[in-house]
Structure formats: structure tokens, C-alpha cells
>>> print(open('entry16.txt').read())   # compact mmCIF, N, CA and C atoms
# COMPACT_ATOMS: atom_id res chain seq x y z
N MET U 1 90.20 -98.79 -3.74
CA MET U 1 89.74 -97.62 -3.05
C MET U 1 90.92 -96.69 -2.69
N ILE U 2 92.02 -97.26 -2.30
CA ILE U 2 93.19 -96.45 -1.95
C ILE U 2 93.78 -95.82 -3.21
N VAL U 3 93.71 -96.52 -4.33
CA VAL U 3 94.22 -95.97 -5.59
C VAL U 3 93.39 -94.74 -6.00
N ALA U 4 92.08 -94.83 -5.84
CA ALA U 4 91.22 -93.69 -6.18
C ALA U 4 91.48 -92.52 -5.25
N LEU U 5 91.72 -92.78 -4.00
CA LEU U 5 92.04 -91.72 -3.04
C LEU U 5 93.36 -91.05 -3.39
N ALA U 6 94.34 -91.84 -3.77
CA ALA U 6 95.65 -91.30 -4.16
C ALA U 6 95.53 -90.44 -5.41
N LYS U 7 94.74 -90.88 -6.38
CA LYS U 7 94.53 -90.08 -7.60
C LYS U 7 93.85 -88.75 -7.27
N GLY U 8 92.87 -88.78 -6.40
CA GLY U 8 92.18 -87.55 -6.00
C GLY U 8 93.10 -86.59 -5.29
N LEU U 9 93.93 -87.09 -4.37
CA LEU U 9 94.88 -86.24 -3.67
C LEU U 9 95.94 -85.67 -4.61
N ALA U 10 96.38 -86.47 -5.58
CA ALA U 10 97.36 -85.99 -6.56
C ALA U 10 96.78 -84.83 -7.38
N LEU U 11 95.52 -84.96 -7.77
CA LEU U 11 94.87 -83.89 -8.52
C LEU U 11 94.72 -82.64 -7.65
N THR U 12 94.40 -82.81 -6.40
CA THR U 12 94.27 -81.68 -5.48
C THR U 12 95.59 -80.95 -5.32
N PHE U 13 96.67 -81.69 -5.11
CA PHE U 13 97.98 -81.05 -4.93
C PHE U 13 98.46 -80.39 -6.22
N LYS U 14 98.08 -80.95 -7.36
CA LYS U 14 98.49 -80.37 -8.64
C LYS U 14 97.82 -79.01 -8.86
N THR U 15 96.57 -78.89 -8.49
CA THR U 15 95.85 -77.62 -8.68
C THR U 15 96.03 -76.66 -7.52
N LEU U 16 96.63 -77.09 -6.45
CA LEU U 16 96.80 -76.26 -5.27
C LEU U 16 97.70 -75.04 -5.52
N PHE U 17 98.69 -75.20 -6.39
CA PHE U 17 99.67 -74.13 -6.61
C PHE U 17 99.41 -73.32 -7.87
N ARG U 18 98.29 -73.51 -8.53
CA ARG U 18 97.91 -72.72 -9.70
C ARG U 18 97.32 -71.38 -9.24
N PRO U 19 97.39 -70.34 -10.10
CA PRO U 19 96.79 -69.06 -9.70
C PRO U 19 95.26 -69.17 -9.66
N ARG U 20 94.66 -68.42 -8.77
CA ARG U 20 93.20 -68.44 -8.61
C ARG U 20 92.56 -67.58 -9.69
N ILE U 21 91.41 -68.03 -10.17
CA ILE U 21 90.70 -67.28 -11.21
C ILE U 21 89.32 -66.83 -10.73
N THR U 22 89.09 -66.88 -9.45
CA THR U 22 87.79 -66.51 -8.90
C THR U 22 87.61 -65.00 -8.91
N LEU U 23 86.42 -64.55 -9.34
CA LEU U 23 86.07 -63.13 -9.29
C LEU U 23 85.22 -62.88 -8.06
N GLN U 24 85.42 -61.77 -7.41
CA GLN U 24 84.55 -61.36 -6.32
C GLN U 24 83.35 -60.67 -6.97
N TYR U 25 82.29 -61.43 -7.27
CA TYR U 25 81.27 -61.06 -8.24
C TYR U 25 80.62 -59.68 -8.08
N PRO U 26 80.02 -59.31 -7.04
CA PRO U 26 79.33 -58.01 -7.14
C PRO U 26 80.28 -56.85 -7.37
N GLU U 27 81.49 -56.93 -6.83
CA GLU U 27 82.44 -55.84 -7.00
C GLU U 27 83.17 -55.94 -8.34
N GLU U 28 83.54 -57.14 -8.75
CA GLU U 28 84.26 -57.36 -10.00
C GLU U 28 83.31 -57.96 -11.02
N LYS U 29 83.24 -57.35 -12.18
CA LYS U 29 82.40 -57.86 -13.26
C LYS U 29 83.27 -58.55 -14.30
N LYS U 30 82.77 -59.61 -14.84
CA LYS U 30 83.49 -60.34 -15.88
C LYS U 30 83.43 -59.55 -17.18
N VAL U 31 84.56 -59.42 -17.84
CA VAL U 31 84.62 -58.77 -19.14
C VAL U 31 84.25 -59.83 -20.18
N MET U 32 83.18 -59.57 -20.90
CA MET U 32 82.68 -60.56 -21.84
C MET U 32 83.47 -60.49 -23.15
N TYR U 33 83.46 -61.58 -23.88
CA TYR U 33 84.14 -61.64 -25.16
C TYR U 33 83.46 -60.72 -26.16
N GLU U 34 84.17 -60.35 -27.20
CA GLU U 34 83.63 -59.42 -28.21
C GLU U 34 82.40 -60.02 -28.90
N ARG U 35 82.36 -61.31 -29.11
CA ARG U 35 81.24 -61.94 -29.81
C ARG U 35 80.14 -62.40 -28.87
N TRP U 36 80.19 -62.02 -27.60
CA TRP U 36 79.17 -62.40 -26.63
C TRP U 36 77.83 -61.81 -27.04
N ARG U 37 76.77 -62.59 -26.94
CA ARG U 37 75.43 -62.12 -27.29
C ARG U 37 74.62 -61.95 -26.02
N GLY U 38 74.47 -60.70 -25.60
CA GLY U 38 73.67 -60.39 -24.42
C GLY U 38 72.31 -59.84 -24.84
N ARG U 39 71.76 -58.95 -24.03
CA ARG U 39 70.43 -58.40 -24.28
C ARG U 39 70.41 -57.55 -25.55
N PRO U 40 69.44 -57.77 -26.43
CA PRO U 40 69.32 -56.95 -27.64
C PRO U 40 68.91 -55.51 -27.31
N TYR U 41 69.28 -54.58 -28.18
CA TYR U 41 68.88 -53.19 -28.03
C TYR U 41 68.71 -52.58 -29.42
N LEU U 42 67.94 -51.50 -29.48
CA LEU U 42 67.71 -50.78 -30.74
C LEU U 42 68.69 -49.64 -30.86
N THR U 43 69.14 -49.38 -32.07
CA THR U 43 70.11 -48.30 -32.31
C THR U 43 69.39 -47.06 -32.83
N LYS U 44 70.06 -45.93 -32.65
CA LYS U 44 69.56 -44.64 -33.14
C LYS U 44 70.49 -44.11 -34.22
N GLY U 45 69.93 -43.30 -35.11
CA GLY U 45 70.73 -42.67 -36.14
C GLY U 45 71.37 -41.39 -35.63
N GLU U 46 72.03 -40.68 -36.53
CA GLU U 46 72.69 -39.42 -36.15
C GLU U 46 71.68 -38.34 -35.76
N ASP U 47 70.47 -38.44 -36.28
CA ASP U 47 69.44 -37.45 -35.96
C ASP U 47 68.71 -37.77 -34.64
N GLY U 48 69.06 -38.89 -34.00
CA GLY U 48 68.46 -39.25 -32.72
C GLY U 48 67.23 -40.12 -32.83
N GLN U 49 66.77 -40.40 -34.03
CA GLN U 49 65.60 -41.26 -34.22
C GLN U 49 66.07 -42.70 -34.39
N GLU U 50 65.18 -43.63 -34.03
CA GLU U 50 65.53 -45.03 -34.16
C GLU U 50 65.71 -45.40 -35.64
N LEU U 51 66.60 -46.33 -35.91
CA LEU U 51 66.87 -46.77 -37.28
C LEU U 51 65.84 -47.78 -37.78
N CYS U 52 65.10 -48.37 -36.86
CA CYS U 52 64.12 -49.39 -37.22
C CYS U 52 63.03 -48.79 -38.11
N ILE U 53 62.70 -49.52 -39.18
CA ILE U 53 61.63 -49.07 -40.09
C ILE U 53 60.39 -49.95 -39.96
N ALA U 54 60.33 -50.78 -38.94
CA ALA U 54 59.18 -51.63 -38.64
C ALA U 54 58.81 -52.54 -39.80
N CYS U 55 59.82 -53.10 -40.46
CA CYS U 55 59.55 -54.01 -41.58
C CYS U 55 59.12 -55.39 -41.08
N GLY U 56 59.51 -55.77 -39.86
CA GLY U 56 59.07 -57.02 -39.27
C GLY U 56 59.91 -58.22 -39.64
N ILE U 57 61.02 -58.03 -40.33
CA ILE U 57 61.86 -59.16 -40.71
C ILE U 57 62.46 -59.82 -39.47
N CYS U 58 62.83 -59.02 -38.49
CA CYS U 58 63.41 -59.59 -37.26
C CYS U 58 62.37 -60.43 -36.53
N ALA U 59 61.13 -60.00 -36.50
CA ALA U 59 60.07 -60.75 -35.81
C ALA U 59 59.76 -62.05 -36.54
N ARG U 60 59.78 -62.02 -37.87
CA ARG U 60 59.52 -63.24 -38.62
C ARG U 60 60.69 -64.22 -38.56
N GLY U 61 61.91 -63.71 -38.42
CA GLY U 61 63.08 -64.57 -38.36
C GLY U 61 63.40 -65.11 -36.99
N CYS U 62 62.72 -64.63 -35.97
CA CYS U 62 63.00 -65.03 -34.60
C CYS U 62 62.43 -66.43 -34.34
N PRO U 63 63.28 -67.42 -34.01
CA PRO U 63 62.75 -68.76 -33.77
C PRO U 63 61.94 -68.86 -32.49
N ALA U 64 62.18 -67.99 -31.52
CA ALA U 64 61.43 -68.02 -30.26
C ALA U 64 60.16 -67.18 -30.33
N GLN U 65 60.00 -66.42 -31.39
CA GLN U 65 58.85 -65.53 -31.60
C GLN U 65 58.65 -64.61 -30.41
N CYS U 66 59.72 -63.94 -30.01
CA CYS U 66 59.66 -63.07 -28.84
C CYS U 66 59.58 -61.59 -29.21
N ILE U 67 59.53 -61.25 -30.50
CA ILE U 67 59.49 -59.86 -30.94
C ILE U 67 58.12 -59.56 -31.53
N LYS U 68 57.53 -58.45 -31.10
CA LYS U 68 56.25 -57.98 -31.64
C LYS U 68 56.41 -56.53 -32.05
N ILE U 69 56.06 -56.22 -33.30
CA ILE U 69 56.25 -54.87 -33.84
C ILE U 69 54.93 -54.38 -34.43
N THR U 70 54.61 -53.11 -34.14
CA THR U 70 53.51 -52.41 -34.79
C THR U 70 54.10 -51.18 -35.44
N GLY U 71 53.93 -51.05 -36.73
CA GLY U 71 54.54 -49.95 -37.47
C GLY U 71 53.60 -48.79 -37.70
N GLY U 72 54.20 -47.65 -38.02
CA GLY U 72 53.45 -46.45 -38.34
C GLY U 72 54.25 -45.58 -39.30
N LYS U 73 53.64 -44.48 -39.76
CA LYS U 73 54.32 -43.57 -40.68
C LYS U 73 54.43 -42.18 -40.07
N ARG U 74 55.56 -41.54 -40.31
CA ARG U 74 55.76 -40.16 -39.88
C ARG U 74 55.21 -39.21 -40.94
N GLU U 75 55.31 -37.90 -40.65
CA GLU U 75 54.82 -36.91 -41.61
C GLU U 75 55.61 -36.92 -42.91
N ASP U 76 56.92 -37.27 -42.83
CA ASP U 76 57.74 -37.31 -44.04
C ASP U 76 57.62 -38.66 -44.76
N ASN U 77 56.62 -39.45 -44.39
CA ASN U 77 56.29 -40.74 -45.01
C ASN U 77 57.31 -41.83 -44.73
N SER U 78 58.16 -41.64 -43.74
CA SER U 78 59.09 -42.70 -43.36
C SER U 78 58.44 -43.58 -42.30
N ARG U 79 58.80 -44.85 -42.31
CA ARG U 79 58.21 -45.81 -41.37
C ARG U 79 59.00 -45.83 -40.07
N TYR U 80 58.31 -46.13 -38.98
CA TYR U 80 58.93 -46.26 -37.66
C TYR U 80 58.08 -47.20 -36.83
N PRO U 81 58.66 -47.80 -35.80
CA PRO U 81 57.88 -48.69 -34.94
C PRO U 81 57.10 -47.90 -33.89
N VAL U 82 55.79 -47.98 -33.93
CA VAL U 82 54.96 -47.37 -32.90
C VAL U 82 55.13 -48.18 -31.62
N LYS U 83 55.14 -49.50 -31.77
CA LYS U 83 55.29 -50.40 -30.64
C LYS U 83 56.31 -51.48 -31.02
N PHE U 84 57.33 -51.62 -30.21
CA PHE U 84 58.35 -52.66 -30.41
C PHE U 84 58.55 -53.33 -29.07
N GLU U 85 58.14 -54.57 -28.95
CA GLU U 85 58.26 -55.30 -27.69
C GLU U 85 59.11 -56.54 -27.89
N LEU U 86 59.95 -56.81 -26.90
CA LEU U 86 60.79 -57.99 -26.92
C LEU U 86 60.66 -58.69 -25.57
N ASP U 87 60.26 -59.94 -25.61
CA ASP U 87 60.11 -60.72 -24.38
C ASP U 87 61.44 -61.41 -24.10
N ILE U 88 62.22 -60.83 -23.20
CA ILE U 88 63.56 -61.33 -22.91
C ILE U 88 63.51 -62.69 -22.22
N GLY U 89 62.38 -63.03 -21.64
CA GLY U 89 62.21 -64.34 -21.01
C GLY U 89 62.12 -65.46 -22.04
N ARG U 90 61.68 -65.15 -23.24
CA ARG U 90 61.57 -66.13 -24.31
C ARG U 90 62.77 -66.11 -25.25
N CYS U 91 63.52 -65.02 -25.24
CA CYS U 91 64.65 -64.84 -26.16
C CYS U 91 65.71 -65.91 -25.91
N ILE U 92 66.24 -66.49 -26.99
CA ILE U 92 67.29 -67.50 -26.88
C ILE U 92 68.65 -66.94 -27.30
N PHE U 93 68.73 -65.64 -27.52
CA PHE U 93 69.98 -64.93 -27.80
C PHE U 93 70.73 -65.53 -28.99
N CYS U 94 69.99 -65.85 -30.04
CA CYS U 94 70.57 -66.46 -31.23
C CYS U 94 71.13 -65.41 -32.19
N SER U 95 70.71 -64.17 -32.07
CA SER U 95 71.09 -63.02 -32.90
C SER U 95 70.62 -63.12 -34.35
N TYR U 96 69.60 -63.93 -34.61
CA TYR U 96 69.01 -63.95 -35.95
C TYR U 96 68.37 -62.61 -36.28
N CYS U 97 67.83 -61.94 -35.26
CA CYS U 97 67.20 -60.65 -35.49
C CYS U 97 68.23 -59.62 -35.96
N THR U 98 69.42 -59.66 -35.41
CA THR U 98 70.46 -58.69 -35.80
C THR U 98 71.00 -59.02 -37.18
N GLN U 99 71.07 -60.28 -37.52
CA GLN U 99 71.60 -60.68 -38.82
C GLN U 99 70.62 -60.40 -39.95
N SER U 100 69.33 -60.44 -39.65
CA SER U 100 68.34 -60.27 -40.71
C SER U 100 67.90 -58.82 -40.90
N CYS U 101 68.24 -57.93 -39.98
CA CYS U 101 67.78 -56.54 -40.07
C CYS U 101 68.47 -55.81 -41.22
N PRO U 102 67.71 -55.26 -42.18
CA PRO U 102 68.33 -54.57 -43.31
C PRO U 102 68.91 -53.20 -42.95
N LYS U 103 68.47 -52.59 -41.87
CA LYS U 103 68.95 -51.27 -41.47
C LYS U 103 69.95 -51.32 -40.33
N ASP U 104 70.31 -52.51 -39.87
CA ASP U 104 71.24 -52.67 -38.75
C ASP U 104 70.72 -51.94 -37.51
N ALA U 105 69.41 -52.05 -37.30
CA ALA U 105 68.74 -51.29 -36.23
C ALA U 105 68.71 -52.02 -34.90
N ILE U 106 68.94 -53.30 -34.90
CA ILE U 106 68.93 -54.05 -33.65
C ILE U 106 70.28 -54.74 -33.50
N LYS U 107 70.84 -54.64 -32.31
CA LYS U 107 72.16 -55.23 -32.04
C LYS U 107 72.10 -55.97 -30.72
N MET U 108 73.12 -56.80 -30.49
CA MET U 108 73.24 -57.54 -29.24
C MET U 108 74.27 -56.83 -28.37
N SER U 109 73.93 -56.64 -27.11
CA SER U 109 74.85 -55.98 -26.17
C SER U 109 75.66 -57.04 -25.43
N HIS U 110 76.45 -56.61 -24.48
CA HIS U 110 77.22 -57.53 -23.65
C HIS U 110 76.59 -57.69 -22.27
N ALA U 111 75.37 -57.20 -22.09
CA ALA U 111 74.69 -57.29 -20.79
C ALA U 111 74.29 -58.72 -20.49
N TYR U 112 74.66 -59.20 -19.31
CA TYR U 112 74.34 -60.57 -18.94
C TYR U 112 73.60 -60.68 -17.61
N GLU U 113 73.41 -59.59 -16.90
CA GLU U 113 72.68 -59.63 -15.63
C GLU U 113 71.21 -59.31 -15.91
N LEU U 114 70.46 -60.33 -16.28
CA LEU U 114 69.08 -60.14 -16.73
C LEU U 114 68.06 -60.77 -15.80
N ALA U 115 68.49 -61.34 -14.70
CA ALA U 115 67.58 -62.03 -13.80
C ALA U 115 66.69 -61.05 -13.05
N THR U 116 65.43 -61.43 -12.87
CA THR U 116 64.47 -60.65 -12.12
C THR U 116 63.40 -61.59 -11.56
N GLU U 117 62.76 -61.16 -10.51
CA GLU U 117 61.68 -61.96 -9.93
C GLU U 117 60.33 -61.56 -10.49
N ASP U 118 60.25 -60.41 -11.14
CA ASP U 118 59.00 -59.91 -11.69
C ASP U 118 58.93 -60.28 -13.17
N LYS U 119 57.94 -61.07 -13.54
CA LYS U 119 57.79 -61.52 -14.91
C LYS U 119 57.47 -60.36 -15.86
N ASN U 120 56.83 -59.32 -15.35
CA ASN U 120 56.47 -58.18 -16.19
C ASN U 120 57.69 -57.38 -16.63
N LYS U 121 58.79 -57.45 -15.87
CA LYS U 121 60.01 -56.74 -16.25
C LYS U 121 60.76 -57.44 -17.38
N MET U 122 60.34 -58.64 -17.74
CA MET U 122 60.97 -59.38 -18.84
C MET U 122 60.45 -58.92 -20.20
N LEU U 123 59.34 -58.21 -20.22
CA LEU U 123 58.79 -57.69 -21.46
C LEU U 123 59.33 -56.28 -21.66
N LEU U 124 60.26 -56.11 -22.60
CA LEU U 124 60.95 -54.84 -22.81
C LEU U 124 60.25 -54.03 -23.88
N SER U 125 59.95 -52.78 -23.57
CA SER U 125 59.28 -51.90 -24.52
C SER U 125 60.31 -51.20 -25.41
N LYS U 126 59.82 -50.42 -26.36
CA LYS U 126 60.70 -49.70 -27.28
C LYS U 126 61.58 -48.71 -26.54
N GLU U 127 61.04 -48.04 -25.55
CA GLU U 127 61.82 -47.05 -24.80
C GLU U 127 62.98 -47.70 -24.04
N VAL U 128 62.75 -48.89 -23.49
CA VAL U 128 63.81 -49.61 -22.78
C VAL U 128 64.84 -50.14 -23.77
N LEU U 129 64.38 -50.61 -24.91
CA LEU U 129 65.30 -51.16 -25.91
C LEU U 129 66.15 -50.09 -26.57
N LEU U 130 65.70 -48.84 -26.57
CA LEU U 130 66.51 -47.76 -27.15
C LEU U 130 67.67 -47.35 -26.26
N GLU U 131 67.64 -47.75 -24.98
CA GLU U 131 68.75 -47.47 -24.08
C GLU U 131 69.76 -48.60 -24.20
N ARG U 132 70.98 -48.26 -24.54
CA ARG U 132 72.01 -49.29 -24.69
C ARG U 132 72.50 -49.77 -23.33
N PRO U 133 72.34 -51.07 -23.04
CA PRO U 133 72.81 -51.58 -21.73
C PRO U 133 74.30 -51.85 -21.76
N GLU U 134 74.92 -51.78 -20.60
CA GLU U 134 76.35 -52.12 -20.48
C GLU U 134 76.58 -52.94 -19.27
>>> encode(input="entry16.txt", output="C-alpha cells")
Amino acid sequence: MIVALAKGLALTFKTLFRPRITLQYPEEKKVMYERWRGRPYLTKGEDGQELCIACGICARGCPAQCIKITGGKREDNSRYPVKFELDIGRCIFCSYCTQSCPKDAIKMSHAYELATEDKNKMLLSKEVLLERPE
């Protein structure tokens, strides 16, 4: 018992003089790594329209099945998503949707503050997904 106590105290004294790495969370935000996979978002082209063509490859490739897409056609016969919903509560942040998208229309952000008490806020619409989170 005394040997275990001595080992514990030795470890405590060894770490006592190291620099602190604690962040004061609400004021200081952690800078995430470049490859961090946070909340997905939809990208826009140079003309301001979404790049998504509602092909549904991201929805079929999603292992959590959290993406639902309804497609439509514009007057110039190009496809676009009429409805694009992502259930962030079911998302496992695997980024299969970003890897499978042929138009590079969906990307992963670095946003990590996703907690909410309202379950309805976990279902993200197309308008919310078009805003890039930071």
C-alpha cells in the first residue's frame, strides 16, 4: 500500500511542473485539426446556386441513412434539390457523403458545438446546410 502511494505521489510531482494545457472553454475555442470532420454543409457555385444536382449518391452511401433528398428541375433543365434534409442526430461524421459526391457539393466543416435540447433542431434543412458553419 505504501509503494502504491509513493508511485502516485511521484507521478503527481512529475506532472506538477509541466505547462498547463487547459482551455477556458466558452472564451477560448479549440482550433480543430485540418482533417477534423464536423457538421456537413452544402457548397454554392460562383453564380450563388447550390452545386448539388440531387443525384442521391450521398444519401445512398450514408451508412446512418441520415440524408433525404427530393430533386427537381429548373427552367434550364438543370437538376437541383427541392428538399435536402440531414439528421445531425443520426450522422456519424464518416464523410462518405463528401467522398461520394460527384460535384463536390457537400463538405465537412470544423463545427463541433452541435449539442441542443430540442430534437427538432437536429434535423437540418437545405437553407441551414447552405450556411457554412465555423
>>> closest_atom_pairs(input="entry16.txt", of="range 98-121 of chain U", to="range 48-63 of chain U", cutoff="6 Å", atoms="only N, CA and C atoms", output="JSON lines")
{"residue": "U:Ser100", "atom": "C", "partner": "U:Cys58", "partner_atom": "N", "distance": 5.6}
{"residue": "U:Cys101", "atom": "N", "partner": "U:Cys58", "partner_atom": "N", "distance": 5.7}
{"residue": "U:Lys103", "atom": "CA", "partner": "U:Leu51", "partner_atom": "C", "distance": 6.0}
{"residue": "U:Ala105", "atom": "CA", "partner": "U:Cys52", "partner_atom": "N", "distance": 4.7}
>>> atom_distance(input="entry16.txt", atom1="CA of Ala10 in chain U", atom2="atom N of Leu23 in chain U")
24.2 Å
>>> atom_distance(input="entry16.txt", atom1="CA of Gln24 in chain U", atom2="atom N of His110 in chain U")
20.4 Å
>>> closest_residue(input="entry16.txt", among="U:Glu46, U:Arg39, U:Glu131, U:Ser109", to="Ile88 in chain U", atoms="only N, CA and C atoms")
U:Arg39
>>> closest_residue(input="entry16.txt", among="U:Ser78, U:Lys14, U:Pro40, U:Leu130", to="Phe93 in chain U", atoms="only C-alpha atoms")
U:Pro40
>>> atom_distance(input="entry16.txt", atom1="CA of Val31 in chain U", atom2="atom N of Lys126 in chain U")
27.1 Å
>>> residues_near_point(input="entry16.txt", point="(58.8, -49.9, -35.5)", cutoff="5 Å", atoms="only N, CA and C atoms", output="list in words")
Ile53, Ala54, Thr70, Gly71, Tyr80, Pro81 and Val82 of chain U
>>> residues_around(input="entry16.txt", residues="Leu129 in chain U", least_positions_apart="3", cutoff="10 Å", atoms="only C-alpha atoms", output="number ranges by chain")
U: 39-43, 84-86, 106, 124-126, 132-133
>>> closest_residue(input="entry16.txt", among="U:Met1, U:Gly72, U:Gly38, U:Pro26", to="Lys107 in chain U", atoms="all atoms listed in the file")
U:Gly38
>>> closest_residue(input="entry16.txt", among="U:Leu5, U:Glu28, U:Phe17, U:Trp36", to="Ala111 in chain U", atoms="only C-alpha atoms")
U:Trp36
>>> closest_residue(input="entry16.txt", among="U:Met122, U:Lys73, U:Arg35, U:Tyr25", to="Arg90 in chain U", atoms="only N, CA and C atoms")
U:Met122
>>> closest_residue(input="entry16.txt", among="U:Thr15, U:Lys83, U:Ile92, U:Leu114", to="Ala64 in chain U", atoms="all atoms listed in the file")
U:Ile92
